[in-house]
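Engineer: Structure supplied as upload_30.cif; contents: mmCIF, C-alpha atoms and all ligand atoms.
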```
data_start
#
loop_
_atom_site.label_atom_id
_atom_site.label_comp_id
_atom_site.auth_asym_id
_atom_site.auth_seq_id
_atom_site.Cartn_x
_atom_site.Cartn_y
_atom_site.Cartn_z
CA MET A 999 -30.84 93.01 20.24
CA ALA A 1000 -29.76 96.67 20.27
CA THR A 1001 -30.01 96.71 24.05
CA LEU A 1002 -28.19 93.42 24.31
CA ALA A 1003 -25.18 94.75 22.41
CA LEU A 1004 -25.22 97.99 24.35
CA VAL A 1005 -25.18 96.18 27.65
CA ALA A 1006 -22.40 93.92 26.39
CA SER A 1007 -20.25 96.83 25.31
CA SER A 1008 -20.55 98.55 28.66
CA CYS A 1009 -19.65 95.47 30.72
CA SER A 1010 -17.81 96.32 33.90
CA LYS A 1011 -14.15 95.41 34.09
CA GLY A 1012 -13.20 92.76 36.67
CA PRO A 1013 -10.52 93.45 39.28
CA GLU A 1014 -7.86 91.57 37.27
CA THR A 1015 -8.24 93.71 34.19
CA ASN A 1016 -7.49 96.98 35.96
CA ALA A 1017 -4.02 95.88 37.00
CA THR A 1018 -3.01 93.82 33.97
CA PRO A 1019 -1.48 95.52 30.91
CA SER A 1020 -3.58 95.32 27.76
CA LEU A 1021 -2.32 92.69 25.31
CA HIS A 1022 -3.32 94.58 22.19
CA GLU A 1023 -1.74 97.80 23.47
CA ALA A 1024 1.52 95.93 24.10
CA PHE A 1025 1.52 94.75 20.47
CA ASP A 1026 0.56 98.10 19.05
CA GLY A 1027 2.68 98.75 15.94
CA LEU A 1028 3.44 95.04 15.53
CA PHE A 1029 0.11 93.38 14.75
CA LEU A 1030 -3.52 93.32 15.88
CA ILE A 1031 -4.48 90.94 18.68
CA GLY A 1032 -7.83 89.21 18.26
CA GLY A 1033 -10.17 86.82 20.00
CA THR A 1034 -13.58 85.31 19.32
CA LEU A 1035 -17.14 85.79 20.49
CA SER A 1036 -18.93 82.47 20.91
CA ASP A 1037 -22.68 82.16 20.46
CA SER A 1038 -23.10 81.74 24.21
CA MET A 1039 -21.23 85.01 24.87
CA LEU A 1040 -23.37 86.78 22.30
CA GLU A 1041 -26.46 85.44 24.03
CA ASN A 1042 -25.24 86.52 27.48
CA PRO A 1043 -24.06 90.13 27.66
CA SER A 1044 -22.92 89.73 31.27
CA ASP A 1045 -20.54 86.87 30.42
CA PRO A 1046 -17.31 87.62 32.34
CA GLY A 1047 -15.36 86.93 29.15
CA TYR A 1048 -16.26 90.45 27.99
CA ASN A 1049 -13.79 91.84 30.55
CA VAL A 1050 -11.00 90.11 28.63
CA VAL A 1051 -12.42 90.85 25.18
CA ALA A 1052 -12.88 94.58 25.75
CA LYS A 1053 -9.44 95.08 27.23
CA HIS A 1054 -7.09 92.77 25.39
CA PHE A 1055 -8.40 92.42 21.82
CA ASN A 1056 -8.54 94.98 19.02
CA SER A 1057 -9.88 92.46 16.53
CA LEU A 1058 -12.80 90.05 16.85
CA SER A 1059 -14.00 86.95 15.01
CA PRO A 1060 -17.38 85.23 15.41
CA GLU A 1061 -16.63 81.66 16.49
CA ASN A 1062 -19.75 80.12 14.97
CA CYS A 1063 -22.69 82.46 14.30
CA MET A 1064 -21.63 83.44 10.78
CA LYS A 1065 -21.30 79.93 9.40
CA TRP A 1066 -23.79 79.13 6.66
CA GLY A 1067 -25.48 76.36 8.65
CA ARG A 1068 -26.00 78.65 11.64
CA MET A 1069 -27.35 81.52 9.57
CA ASN A 1070 -29.56 79.44 7.28
CA PRO A 1071 -30.13 75.93 8.65
CA THR A 1072 -32.96 75.51 6.12
CA PRO A 1073 -33.77 77.53 2.97
CA THR A 1074 -36.45 79.47 4.84
CA GLU A 1075 -34.99 79.81 8.35
CA THR A 1076 -32.78 82.82 9.05
CA HIS A 1077 -30.72 83.52 12.19
CA TYR A 1078 -28.92 86.82 11.78
CA GLU A 1079 -29.42 88.35 15.24
CA LEU A 1080 -26.22 87.01 16.78
CA VAL A 1081 -24.20 88.31 13.84
CA ASP A 1082 -25.92 91.69 14.23
CA SER A 1083 -24.90 91.70 17.92
CA PHE A 1084 -21.34 90.64 17.08
CA VAL A 1085 -20.97 93.43 14.53
CA ARG A 1086 -22.56 96.02 16.80
CA TYR A 1087 -20.41 95.08 19.80
CA GLY A 1088 -17.15 95.07 17.82
CA SER A 1089 -17.95 98.33 16.05
CA GLN A 1090 -18.71 100.08 19.32
CA ASN A 1091 -15.38 98.85 20.69
CA GLN A 1092 -13.48 99.80 17.53
CA GLN A 1093 -12.29 96.24 16.99
CA ALA A 1094 -11.29 95.12 13.48
CA LEU A 1095 -13.99 92.61 12.60
CA VAL A 1096 -13.59 89.33 10.76
CA GLY A 1097 -16.28 87.68 8.63
CA HIS A 1098 -15.82 83.98 9.37
CA THR A 1099 -16.53 82.30 7.07
CA LEU A 1100 -18.10 82.75 3.64
CA PHE A 1101 -17.49 79.29 2.18
CA TRP A 1102 -16.41 76.16 4.06
CA HIS A 1103 -17.04 72.51 3.19
CA SER A 1104 -17.93 71.94 6.85
CA GLN A 1105 -21.01 73.42 8.58
CA THR A 1106 -22.74 73.98 5.24
CA PRO A 1107 -26.20 72.39 5.15
CA ASP A 1108 -27.14 69.95 2.38
CA TRP A 1109 -29.89 72.22 1.06
CA VAL A 1110 -27.21 74.63 -0.19
CA TYR A 1111 -26.19 72.08 -2.84
CA GLN A 1112 -29.74 71.11 -3.84
CA ASP A 1113 -32.78 72.54 -5.60
CA ALA A 1114 -36.26 72.58 -4.05
CA ALA A 1115 -36.88 69.02 -5.23
CA GLY A 1116 -33.67 67.79 -3.58
CA LYS A 1117 -31.81 67.45 -6.90
CA GLU A 1118 -28.14 68.43 -6.98
CA LEU A 1119 -27.56 71.95 -8.30
CA SER A 1120 -25.65 72.69 -11.48
CA ARG A 1121 -22.32 74.55 -11.29
CA GLU A 1122 -24.00 77.78 -12.37
CA ALA A 1123 -26.83 77.44 -9.85
CA LEU A 1124 -24.41 76.79 -6.95
CA LEU A 1125 -22.27 79.77 -7.97
CA ALA A 1126 -25.42 81.91 -8.06
CA ARG A 1127 -26.34 80.69 -4.56
CA MET A 1128 -22.84 81.53 -3.29
CA ARG A 1129 -23.18 85.00 -4.80
CA GLU A 1130 -26.51 85.50 -2.98
CA ARG A 1131 -24.82 84.69 0.33
CA ALA A 1132 -21.96 87.11 -0.37
CA GLU A 1133 -24.47 89.81 -1.38
CA LEU A 1134 -26.40 89.33 1.84
CA MET A 1135 -23.20 89.62 3.87
CA ALA A 1136 -22.15 92.74 1.97
CA LYS A 1137 -25.52 94.42 2.36
CA ARG A 1138 -26.00 93.65 6.02
CA TRP A 1139 -22.47 93.81 7.47
CA GLY A 1140 -20.17 94.89 4.64
CA ASP A 1141 -19.58 98.39 5.98
CA GLU A 1142 -18.40 97.22 9.39
CA ILE A 1143 -16.46 94.04 8.60
CA LEU A 1144 -12.85 94.47 7.49
CA TYR A 1145 -11.43 90.95 7.00
CA TRP A 1146 -13.23 88.06 5.31
CA ASP A 1147 -12.30 84.39 5.41
CA VAL A 1148 -13.56 83.89 1.87
CA VAL A 1149 -12.73 80.20 1.67
CA ASN A 1150 -11.81 77.88 4.52
CA GLU A 1151 -9.76 74.73 4.07
CA SER A 1152 -10.16 73.90 0.38
CA ILE A 1153 -6.58 72.59 -0.01
CA LEU A 1154 -5.37 69.26 1.38
CA GLY A 1155 -1.99 68.52 2.94
CA ASP A 1156 -0.65 67.05 -0.29
CA GLY A 1157 -1.53 70.25 -2.13
CA SER A 1158 -4.53 68.86 -4.02
CA TRP A 1159 -7.99 70.42 -3.92
CA ARG A 1160 -10.24 69.01 -1.20
CA LYS A 1161 -12.93 66.81 -2.76
CA SER A 1162 -15.72 68.76 -1.12
CA LYS A 1163 -19.27 69.06 -2.39
CA TYR A 1164 -18.33 72.52 -3.67
CA GLN A 1165 -15.41 71.06 -5.62
CA GLN A 1166 -17.48 68.17 -6.96
CA ILE A 1167 -20.19 70.46 -8.32
CA ILE A 1168 -18.16 73.50 -9.36
CA GLY A 1169 -14.83 71.89 -10.19
CA ASP A 1170 -11.22 72.71 -9.31
CA ASP A 1171 -11.88 76.43 -9.71
CA PHE A 1172 -14.26 76.55 -6.70
CA THR A 1173 -11.81 78.65 -4.65
CA GLU A 1174 -11.06 80.97 -7.58
CA GLN A 1175 -14.78 81.48 -8.24
CA ALA A 1176 -15.37 82.17 -4.55
CA PHE A 1177 -12.74 84.92 -4.59
CA ARG A 1178 -14.20 86.37 -7.80
CA ILE A 1179 -17.64 86.47 -6.15
CA ALA A 1180 -16.25 88.01 -2.95
CA SER A 1181 -14.31 90.73 -4.78
CA GLU A 1182 -17.35 91.59 -6.91
CA THR A 1183 -19.80 91.77 -4.01
CA LEU A 1184 -17.95 92.92 -0.88
CA PRO A 1185 -17.04 96.61 -0.55
CA PRO A 1186 -13.60 97.88 -1.65
CA HIS A 1187 -12.29 98.21 1.92
CA ALA A 1188 -12.81 94.47 2.53
CA LYS A 1189 -9.64 92.39 2.84
CA LEU A 1190 -10.06 88.94 1.32
CA LEU A 1191 -8.34 85.97 3.00
CA TYR A 1192 -7.80 82.29 2.30
CA ASN A 1193 -7.83 80.45 5.67
CA ASP A 1194 -6.49 76.96 6.43
CA TYR A 1195 -4.90 74.73 9.09
CA SER A 1196 -1.61 72.77 9.08
CA MET A 1197 -0.05 75.42 6.87
CA THR A 1198 3.44 74.06 7.54
CA ASP A 1199 2.65 70.92 5.50
CA PRO A 1200 4.94 71.46 2.51
CA GLY A 1201 2.29 70.34 0.01
CA ARG A 1202 -0.38 72.67 1.33
CA ARG A 1203 2.07 75.57 1.79
CA ASP A 1204 3.34 75.30 -1.79
CA ALA A 1205 -0.18 74.96 -3.19
CA VAL A 1206 -1.30 78.08 -1.31
CA VAL A 1207 1.67 80.02 -2.69
CA ALA A 1208 0.88 78.78 -6.22
CA MET A 1209 -2.79 79.72 -5.79
CA VAL A 1210 -2.00 83.28 -4.68
CA LYS A 1211 0.37 83.73 -7.64
CA ASP A 1212 -2.23 82.31 -10.01
CA PHE A 1213 -4.96 84.65 -8.66
CA LYS A 1214 -2.65 87.64 -8.92
CA SER A 1215 -1.70 86.78 -12.51
CA LYS A 1216 -5.41 86.68 -13.35
CA GLY A 1217 -6.15 89.95 -11.53
CA ILE A 1218 -8.25 88.25 -8.84
CA ARG A 1219 -8.05 90.03 -5.50
CA ILE A 1220 -6.56 88.18 -2.53
CA ASP A 1221 -5.19 90.22 0.35
CA GLY A 1222 -4.16 87.77 3.01
CA ILE A 1223 -3.45 84.21 4.05
CA GLY A 1224 -4.90 82.97 7.30
CA MET A 1225 -2.81 80.37 9.11
CA GLN A 1226 -5.25 79.00 11.68
CA GLY A 1227 -2.60 78.10 14.28
CA HIS A 1228 -4.23 75.18 16.10
CA TRP A 1229 -0.82 74.04 17.27
CA LEU A 1230 0.55 71.41 19.64
CA MET A 1231 3.20 71.64 22.36
CA ASP A 1232 5.92 70.11 20.20
CA PHE A 1233 4.62 70.62 16.68
CA PRO A 1234 5.01 72.41 14.39
CA ASP A 1235 8.52 73.73 14.77
CA THR A 1236 8.61 77.52 15.02
CA ALA A 1237 11.21 77.53 12.20
CA ASP A 1238 8.69 75.79 9.94
CA ILE A 1239 5.95 78.24 10.90
CA ALA A 1240 8.32 81.12 10.10
CA ALA A 1241 9.18 79.52 6.74
CA SER A 1242 5.49 79.35 5.79
CA ILE A 1243 4.93 82.96 6.89
CA ALA A 1244 7.87 84.05 4.74
CA ALA A 1245 6.67 81.99 1.75
CA PHE A 1246 3.18 83.52 1.89
CA ALA A 1247 4.48 87.05 2.45
CA ALA A 1248 6.80 86.71 -0.55
CA THR A 1249 3.71 86.57 -2.79
CA GLY A 1250 2.80 90.08 -1.63
CA VAL A 1251 -0.04 89.23 0.77
CA LYS A 1252 -0.25 89.76 4.53
CA VAL A 1253 -0.30 86.82 6.90
CA HIS A 1254 -2.93 86.49 9.62
CA ILE A 1255 -2.70 83.95 12.43
CA THR A 1256 -6.44 83.45 12.57
CA GLU A 1257 -7.26 80.77 15.16
CA LEU A 1258 -4.38 80.43 17.61
CA ASP A 1259 -4.51 77.95 20.46
CA ILE A 1260 -2.02 75.44 21.86
CA ASP A 1261 -3.31 71.98 22.76
CA LEU A 1262 -1.51 71.18 26.03
CA LEU A 1263 -3.02 67.70 26.39
CA GLY A 1264 -2.28 66.75 22.79
CA ARG A 1265 -3.86 64.53 20.16
CA ALA A 1266 -2.78 60.96 19.92
CA ALA A 1267 -3.25 60.11 16.32
CA PHE A 1268 -3.40 63.19 14.16
CA PHE A 1269 -2.62 66.86 13.81
CA GLY A 1270 -4.67 69.79 12.63
CA ALA A 1271 -8.25 70.86 13.02
CA ASN A 1272 -10.16 68.30 11.04
CA VAL A 1273 -13.55 68.50 12.70
CA ASP A 1274 -14.70 65.38 10.87
CA ALA A 1275 -12.24 63.20 12.74
CA GLU A 1276 -13.64 60.57 15.06
CA LYS A 1277 -14.12 61.84 18.61
CA LEU A 1278 -12.60 59.94 21.50
CA VAL A 1279 -13.86 59.53 25.08
CA ALA A 1280 -12.28 61.25 28.11
CA THR A 1281 -10.30 58.88 30.37
CA PRO A 1282 -7.89 59.46 33.28
CA GLU A 1283 -5.04 58.92 30.79
CA ASN A 1284 -6.06 61.53 28.21
CA ASN A 1285 -7.69 63.89 30.74
CA PRO A 1286 -5.15 64.06 33.60
CA TYR A 1287 -6.21 67.40 35.20
CA PRO A 1288 -10.04 67.26 35.29
CA ASP A 1289 -10.26 69.77 38.17
CA GLY A 1290 -8.43 72.41 36.11
CA ASN A 1291 -5.35 72.55 38.37
CA LEU A 1292 -2.26 72.32 36.24
CA PRO A 1293 1.05 71.38 37.94
CA ALA A 1294 3.53 74.28 37.93
CA SER A 1295 5.93 72.37 35.67
CA GLU A 1296 3.21 71.97 33.03
CA GLU A 1297 2.20 75.61 33.34
CA GLU A 1298 5.83 76.51 32.72
CA ARG A 1299 6.14 74.21 29.69
CA PHE A 1300 2.99 75.82 28.27
CA ALA A 1301 4.29 79.34 28.93
CA GLN A 1302 7.57 78.48 27.20
CA ARG A 1303 5.77 77.19 24.11
CA TYR A 1304 3.73 80.40 23.84
CA GLN A 1305 6.88 82.44 24.40
CA GLU A 1306 8.82 80.71 21.60
CA ILE A 1307 5.89 81.11 19.23
CA PHE A 1308 5.47 84.82 19.97
CA GLU A 1309 9.22 85.49 19.77
CA MET A 1310 9.06 84.08 16.25
CA LEU A 1311 5.87 86.03 15.39
CA VAL A 1312 7.41 89.28 16.62
CA GLN A 1313 10.43 88.61 14.38
CA GLN A 1314 8.04 88.13 11.48
CA ALA A 1315 5.87 91.12 12.43
CA ASP A 1316 6.47 92.98 9.16
CA HIS A 1317 4.59 90.19 7.39
CA ILE A 1318 1.84 89.73 10.00
CA GLU A 1319 -1.28 91.85 10.20
CA ARG A 1320 -3.15 90.08 13.01
CA VAL A 1321 -2.85 87.30 15.58
CA THR A 1322 -6.24 86.03 16.75
CA PHE A 1323 -6.75 83.60 19.63
CA TRP A 1324 -9.50 81.04 19.02
CA GLY A 1325 -11.59 81.84 22.04
CA VAL A 1326 -11.23 83.92 25.19
CA SER A 1327 -10.34 81.56 28.05
CA ASP A 1328 -9.66 77.87 28.65
CA LYS A 1329 -13.20 77.53 29.99
CA THR A 1330 -14.90 77.30 26.62
CA ASN A 1331 -12.11 76.71 24.10
CA TRP A 1332 -13.11 74.07 21.51
CA LEU A 1333 -10.14 71.85 22.52
CA ASN A 1334 -12.11 70.81 25.63
CA ASN A 1335 -14.15 68.77 23.13
CA PHE A 1336 -11.70 67.94 20.36
CA PRO A 1337 -10.55 65.36 19.56
CA VAL A 1338 -11.74 64.02 22.91
CA ARG A 1339 -15.13 65.10 24.24
CA GLY A 1340 -15.38 66.56 27.74
CA ARG A 1341 -11.72 67.05 28.57
CA THR A 1342 -10.30 69.80 30.77
CA ASN A 1343 -7.79 71.19 28.32
CA PHE A 1344 -5.42 74.15 28.55
CA SER A 1345 -4.96 76.16 25.39
CA LEU A 1346 -5.20 79.96 25.78
CA LEU A 1347 -3.69 82.81 27.83
CA PHE A 1348 -6.60 83.18 30.29
CA ASP A 1349 -7.64 80.46 32.74
CA ARG A 1350 -11.13 79.23 33.58
CA ASN A 1351 -11.61 82.20 35.93
CA PHE A 1352 -10.54 84.63 33.20
CA GLN A 1353 -7.26 85.33 35.00
CA PRO A 1354 -4.07 85.80 32.96
CA LYS A 1355 -1.84 82.72 33.11
CA PRO A 1356 1.97 82.73 33.29
CA ALA A 1357 1.89 82.32 29.49
CA PHE A 1358 0.11 85.68 29.22
CA TYR A 1359 3.03 87.50 30.86
CA ARG A 1360 5.59 85.65 28.72
CA VAL A 1361 3.72 86.66 25.58
CA LEU A 1362 3.56 90.24 26.83
CA GLU A 1363 7.35 90.26 27.30
CA THR A 1364 7.98 89.24 23.69
CA ALA A 1365 6.37 92.47 22.48
CA LYS A 1366 9.09 94.47 24.22
CA LYS A 1367 11.95 92.56 22.64
CA ARG A 1368 11.50 93.99 19.16
O1 LIG B 1401 -14.58 76.51 17.59
C1 LIG B 1401 -15.59 76.09 16.67
C2 LIG B 1401 -16.50 75.07 17.32
O2 LIG B 1401 -17.23 75.65 18.39
C3 LIG B 1401 -17.46 74.50 16.28
O3 LIG B 1401 -18.19 73.44 16.84
C4 LIG B 1401 -16.69 74.00 15.06
C5 LIG B 1401 -17.62 73.57 13.95
O4 LIG B 1401 -18.34 74.65 13.43
O5 LIG B 1401 -15.87 75.05 14.54
C6 LIG B 1401 -14.92 75.48 15.45
O6 LIG B 1401 -14.10 76.47 14.83
C7 LIG B 1401 -13.39 76.01 13.66
C8 LIG B 1401 -13.30 77.18 12.71
O7 LIG B 1401 -14.58 77.67 12.42
C9 LIG B 1401 -12.58 76.78 11.43
N1 LIG B 1401 -11.28 76.20 11.72
C10 LIG B 1401 -11.26 75.12 12.69
C11 LIG B 1401 -11.95 75.59 13.99
C12 LIG B 1401 -11.87 74.51 15.05
O8 LIG B 1401 -12.58 73.37 14.63
#
```
Would it be possible to restate this file's structure as structure tokens?

Structural biologist:
Amino acid sequence: MATLALVASSCSKGPETNATPSLHEAFDGLFLIGGTLSDSMLENPSDPGYNVVAKHFNSLSPENCMKWGRMNPTPTETHYELVDSFVRYGSQNQQALVGHTLFWHSQTPDWVYQDAAGKELSREALLARMRERAELMAKRWGDEILYWDVVNESILGDGSWRKSKYQQIIGDDFTEQAFRIASETLPPHAKLLYNDYSMTDPGRRDAVVAMVKDFKSKGIRIDGIGMQGHWLMDFPDTADIAASIAAFAATGVKVHITELDIDLLGRAAFFGANVDAEKLVATPENNPYPDGNLPASEEERFAQRYQEIFEMLVQQADHIERVTFWGVSDKTNWLNNFPVRGRTNFSLLFDRNFQPKPAFYRVLETAKKR
């Protein structure tokens, strides 16, 4: 794996990247600009996506390889090599690394909640198992990783706690206990984040604010709020995003936009990133540009949406530590398969050939307007 990471870090730059300004350099002094490494990129050091990653991002998140189910699909099976490669690549490129994610109701295998006989664990036993995972993370990657998504998505839109397996076994203090465990096991330089989607929902926003205040009053460390940013073309309103950023920042934490992408094709029935939602089938109606050629008018609409979002983010830059795109290019972004499988969607700043789109240049311009 050492060679793999070395090769990856010395990937040649494509012709495009020599001429194009670096995104993270443009935003220097405002906030970090991040992207993700997928498992397939980590497995293929010559993936052309590395040209974009090396040049435009100064922060990196692992899209999937650090999830509990990927690392430990069974109690005895361990898959840590891709995380090792991720950490090695990002460290060599001096990118601020994100540990995604310690505890999430999704992508956590059933064995985590059970004893060897298949019986549900007690609260204490599950907390001990969570601590073991945090200790492993700290020991193996704690020195290199800066930001940690400690808990993902434990608050619902109405502000109540998600009725996850964690919540059912541990109780309403699952998130609090997770942060206690993280602050006791991860090194002092680690920044601890709560990460969620649809953070403009008033119920969720207010509950997050109340949670941060509660943790702070109890002396529990929490350093940042991650707003995932899986947004649509017409929702949410940038004013509502700004209001949530301001509300979180007012509690004394930094805001991170952790998983930004814009779903050009849209979702008929719901909003957010609920991966449990029923998947639909691609049809000519919901998949209008299967060959990847977007009409100029649509490209322009997309660029305008990115521009308005970044104009707002730049205005809020004092509160924002990092803006991370969820992926590298449209080619592999998760929205090609959510909520409809097998669509040709358009969501990021680089097209399927890793070329910067008109939206890229609009975003770049916003950095100069400060
Ligand atoms: O992009 C990720 C996709 O490849 C995975 O199949 C999916 C399930 O693990 O997770 C996606 O990333 C999610 C992230 O980890 C947490 N927030 C929502 C993201 C999109 O579903």

Engineer: Output the neighbourhood of ligand LIG 1401 (chain B) as a VMD selection string, that is, all protein and nucleic acid residues with some atom at most 8 Å from the ligand, counting all atoms listed in the file.

Structural biologist: chain A and resid 1036 1061 to 1062 1065 1098 to 1099 1104 to 1105 1150 to 1151 1194 to 1195 1226 1228 1257 1271 to 1273 1324 to 1325 1331 to 1332 1336

Engineer: Residues of the last selection are to be written out with C-alpha atoms, as a CSV table (one decimal), in the frame of the given file.

Structural biologist:
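This is the output file again-v9.csv:
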```csv
chain,number,residue,atom,x,y,z
A,1036,SER,CA,-18.9,82.5,20.9
A,1061,GLU,CA,-16.6,81.7,16.5
A,1062,ASN,CA,-19.8,80.1,15.0
A,1065,LYS,CA,-21.3,79.9,9.4
A,1098,HIS,CA,-15.8,84.0,9.4
A,1099,THR,CA,-16.5,82.3,7.1
A,1104,SER,CA,-17.9,71.9,6.8
A,1105,GLN,CA,-21.0,73.4,8.6
A,1150,ASN,CA,-11.8,77.9,4.5
A,1151,GLU,CA,-9.8,74.7,4.1
A,1194,ASP,CA,-6.5,77.0,6.4
A,1195,TYR,CA,-4.9,74.7,9.1
A,1226,GLN,CA,-5.2,79.0,11.7
A,1228,HIS,CA,-4.2,75.2,16.1
A,1257,GLU,CA,-7.3,80.8,15.2
A,1271,ALA,CA,-8.2,70.9,13.0
A,1272,ASN,CA,-10.2,68.3,11.0
A,1273,VAL,CA,-13.6,68.5,12.7
A,1324,TRP,CA,-9.5,81.0,19.0
A,1325,GLY,CA,-11.6,81.8,22.0
A,1331,ASN,CA,-12.1,76.7,24.1
A,1332,TRP,CA,-13.1,74.1,21.5
A,1336,PHE,CA,-11.7,67.9,20.4
```

Engineer: Excluding Met1231 (chain A) and residues on its chain fewer than 4 positions from it, collect all residues at most 10 Å away from it, counting only C-alpha atoms, and give them as an mmCIF file with C-alpha atoms, in the coordinates of the input.

Structural biologist:
```cif
data_model
loop_
_atom_site.group_PDB
_atom_site.id
_atom_site.type_symbol
_atom_site.label_atom_id
_atom_site.label_comp_id
_atom_site.auth_asym_id
_atom_site.auth_seq_id
_atom_site.Cartn_x
_atom_site.Cartn_y
_atom_site.Cartn_z
ATOM 1 C CA ASP A 1235 8.520 73.730 14.770
ATOM 2 C CA ILE A 1260 -2.020 75.440 21.860
ATOM 3 C CA ASP A 1261 -3.310 71.980 22.760
ATOM 4 C CA LEU A 1262 -1.510 71.180 26.030
ATOM 5 C CA LEU A 1263 -3.020 67.700 26.390
ATOM 6 C CA GLY A 1264 -2.280 66.750 22.790
ATOM 7 C CA ARG A 1299 6.140 74.210 29.690
ATOM 8 C CA PHE A 1300 2.990 75.820 28.270
ATOM 9 C CA GLN A 1302 7.570 78.480 27.200
ATOM 10 C CA ARG A 1303 5.770 77.190 24.110
ATOM 11 C CA TYR A 1304 3.730 80.400 23.840
ATOM 12 C CA SER A 1345 -4.960 76.160 25.390
#
```

Engineer: For a test of reading the model, state the distance in Å between CA of Met1069 (chain A) and CA of Phe1101 (chain A), rounded to one decimal.

Structural biologist: 12.5 Å

Engineer: Please list as a count of residues only every residue within 9 Å of Ser1057 (chain A), counting all atoms listed in the file and excluding residues in the same chain fewer than 5 positions away.

Structural biologist: 15

Engineer: For Ala1052 (chain A), which of A:Glu1023, A:Glu1283, A:Glu1075, A:Asp1156 is the closest residue, counting all atoms listed in the file?

Structural biologist: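 So, comparing all the options, the nearest one is A:Glu1023.
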
Engineer: Write out as a Markdown table a residue-level contact list of region 1097-1209 of chain A versus region 1251-1255 of chain A with cut-off 12 Å: for each qualifying residue the closest pair of atoms and the distance in Å to one decimal, counting only C-alpha atoms, rows sorted by chain and residue number upward.

Structural biologist:
```
| residue | atom | partner | partner_atom | distance |
| --- | --- | --- | --- | --- |
| A:Tyr1145 | CA | A:His1254 | CA | 10.0 |
| A:Trp1146 | CA | A:His1254 | CA | 11.3 |
| A:Asp1147 | CA | A:His1254 | CA | 10.5 |
| A:Lys1189 | CA | A:Lys1252 | CA | 9.9 |
| A:Leu1190 | CA | A:Val1251 | CA | 10.0 |
| A:Leu1191 | CA | A:His1254 | CA | 8.6 |
| A:Tyr1192 | CA | A:His1254 | CA | 9.7 |
| A:Asn1193 | CA | A:His1254 | CA | 8.7 |
| A:Asp1194 | CA | A:Ile1255 | CA | 10.0 |
| A:Tyr1195 | CA | A:Ile1255 | CA | 10.1 |
| A:Ser1196 | CA | A:Ile1255 | CA | 11.7 |
| A:Met1197 | CA | A:Ile1255 | CA | 10.5 |
| A:Val1206 | CA | A:Val1251 | CA | 11.4 |
| A:Val1207 | CA | A:Val1251 | CA | 10.0 |
| A:Met1209 | CA | A:Val1251 | CA | 11.9 |
```

Engineer: Please save C-alpha atoms of the selected residues as a PDB file, in the frame of the given file.

Structural biologist:
```
ATOM      1  CA  TYR A1145     -11.430  90.950   7.000  1.00  0.00           C
ATOM      2  CA  TRP A1146     -13.230  88.060   5.310  1.00  0.00           C
ATOM      3  CA  ASP A1147     -12.300  84.390   5.410  1.00  0.00           C
ATOM      4  CA  LYS A1189      -9.640  92.390   2.840  1.00  0.00           C
ATOM      5  CA  LEU A1190     -10.060  88.940   1.320  1.00  0.00           C
ATOM      6  CA  LEU A1191      -8.340  85.970   3.000  1.00  0.00           C
ATOM      7  CA  TYR A1192      -7.800  82.290   2.300  1.00  0.00           C
ATOM      8  CA  ASN A1193      -7.830  80.450   5.670  1.00  0.00           C
ATOM      9  CA  ASP A1194      -6.490  76.960   6.430  1.00  0.00           C
ATOM     10  CA  TYR A1195      -4.900  74.730   9.090  1.00  0.00           C
ATOM     11  CA  SER A1196      -1.610  72.770   9.080  1.00  0.00           C
ATOM     12  CA  MET A1197      -0.050  75.420   6.870  1.00  0.00           C
ATOM     13  CA  VAL A1206      -1.300  78.080  -1.310  1.00  0.00           C
ATOM     14  CA  VAL A1207       1.670  80.020  -2.690  1.00  0.00           C
ATOM     15  CA  MET A1209      -2.790  79.720  -5.790  1.00  0.00           C
TER      16      MET A1209
END
```

Engineer: Figure out the distance between CA of Tyr1164 (chain A) and CA of Leu1100 (chain A), please, to one decimal in Å.

Structural biologist: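 We find that CA of Leu1100 (chain A) and CA of Tyr1164 (chain A) lie 12.6 Å from each other.
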
Engineer: Which neighbours of Gly1097 (chain A) fall inside 9 Å, counting only C-alpha atoms, when residues of the same chain fewer than 5 positions from it are skipped, and could you give them as a ChimeraX atom specification?

Structural biologist: /A:1059-1060,1064,1135,1139,1143-1148

Engineer: Just to be explicit: take each residue in the selection above, keep C-alpha atoms, and write the result as a PDB file, in the frame of the given file.

Structural biologist:
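Printed below is selection-v5.pdb as written:
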```
ATOM      1  CA  SER A1059     -14.000  86.950  15.010  1.00  0.00           C
ATOM      2  CA  PRO A1060     -17.380  85.230  15.410  1.00  0.00           C
ATOM      3  CA  MET A1064     -21.630  83.440  10.780  1.00  0.00           C
ATOM      4  CA  MET A1135     -23.200  89.620   3.870  1.00  0.00           C
ATOM      5  CA  TRP A1139     -22.470  93.810   7.470  1.00  0.00           C
ATOM      6  CA  ILE A1143     -16.460  94.040   8.600  1.00  0.00           C
ATOM      7  CA  LEU A1144     -12.850  94.470   7.490  1.00  0.00           C
ATOM      8  CA  TYR A1145     -11.430  90.950   7.000  1.00  0.00           C
ATOM      9  CA  TRP A1146     -13.230  88.060   5.310  1.00  0.00           C
ATOM     10  CA  ASP A1147     -12.300  84.390   5.410  1.00  0.00           C
ATOM     11  CA  VAL A1148     -13.560  83.890   1.870  1.00  0.00           C
TER      12      VAL A1148
END
```

Engineer: Would you kindly return, as number ranges by chain, each protein, DNA or RNA residue with an atom no farther than 7 Å from any atom of Ser1162 (chain A), considering only C-alpha atoms and excluding same-chain residues fewer than 3 positions away?

Structural biologist: A: 1103, 1165-1166

Engineer: Find the spatial neighbours of region 1306-1316 of chain A, counting all atoms listed in the file, within a cut-off of 12 Å - ignore same-chain residues fewer than 6 positions away - and output them as a PyMOL selection string.

Structural biologist: chain A and resi 1024-1031+1227+1229-1248+1250-1255+1258-1260+1299-1300+1357-1368
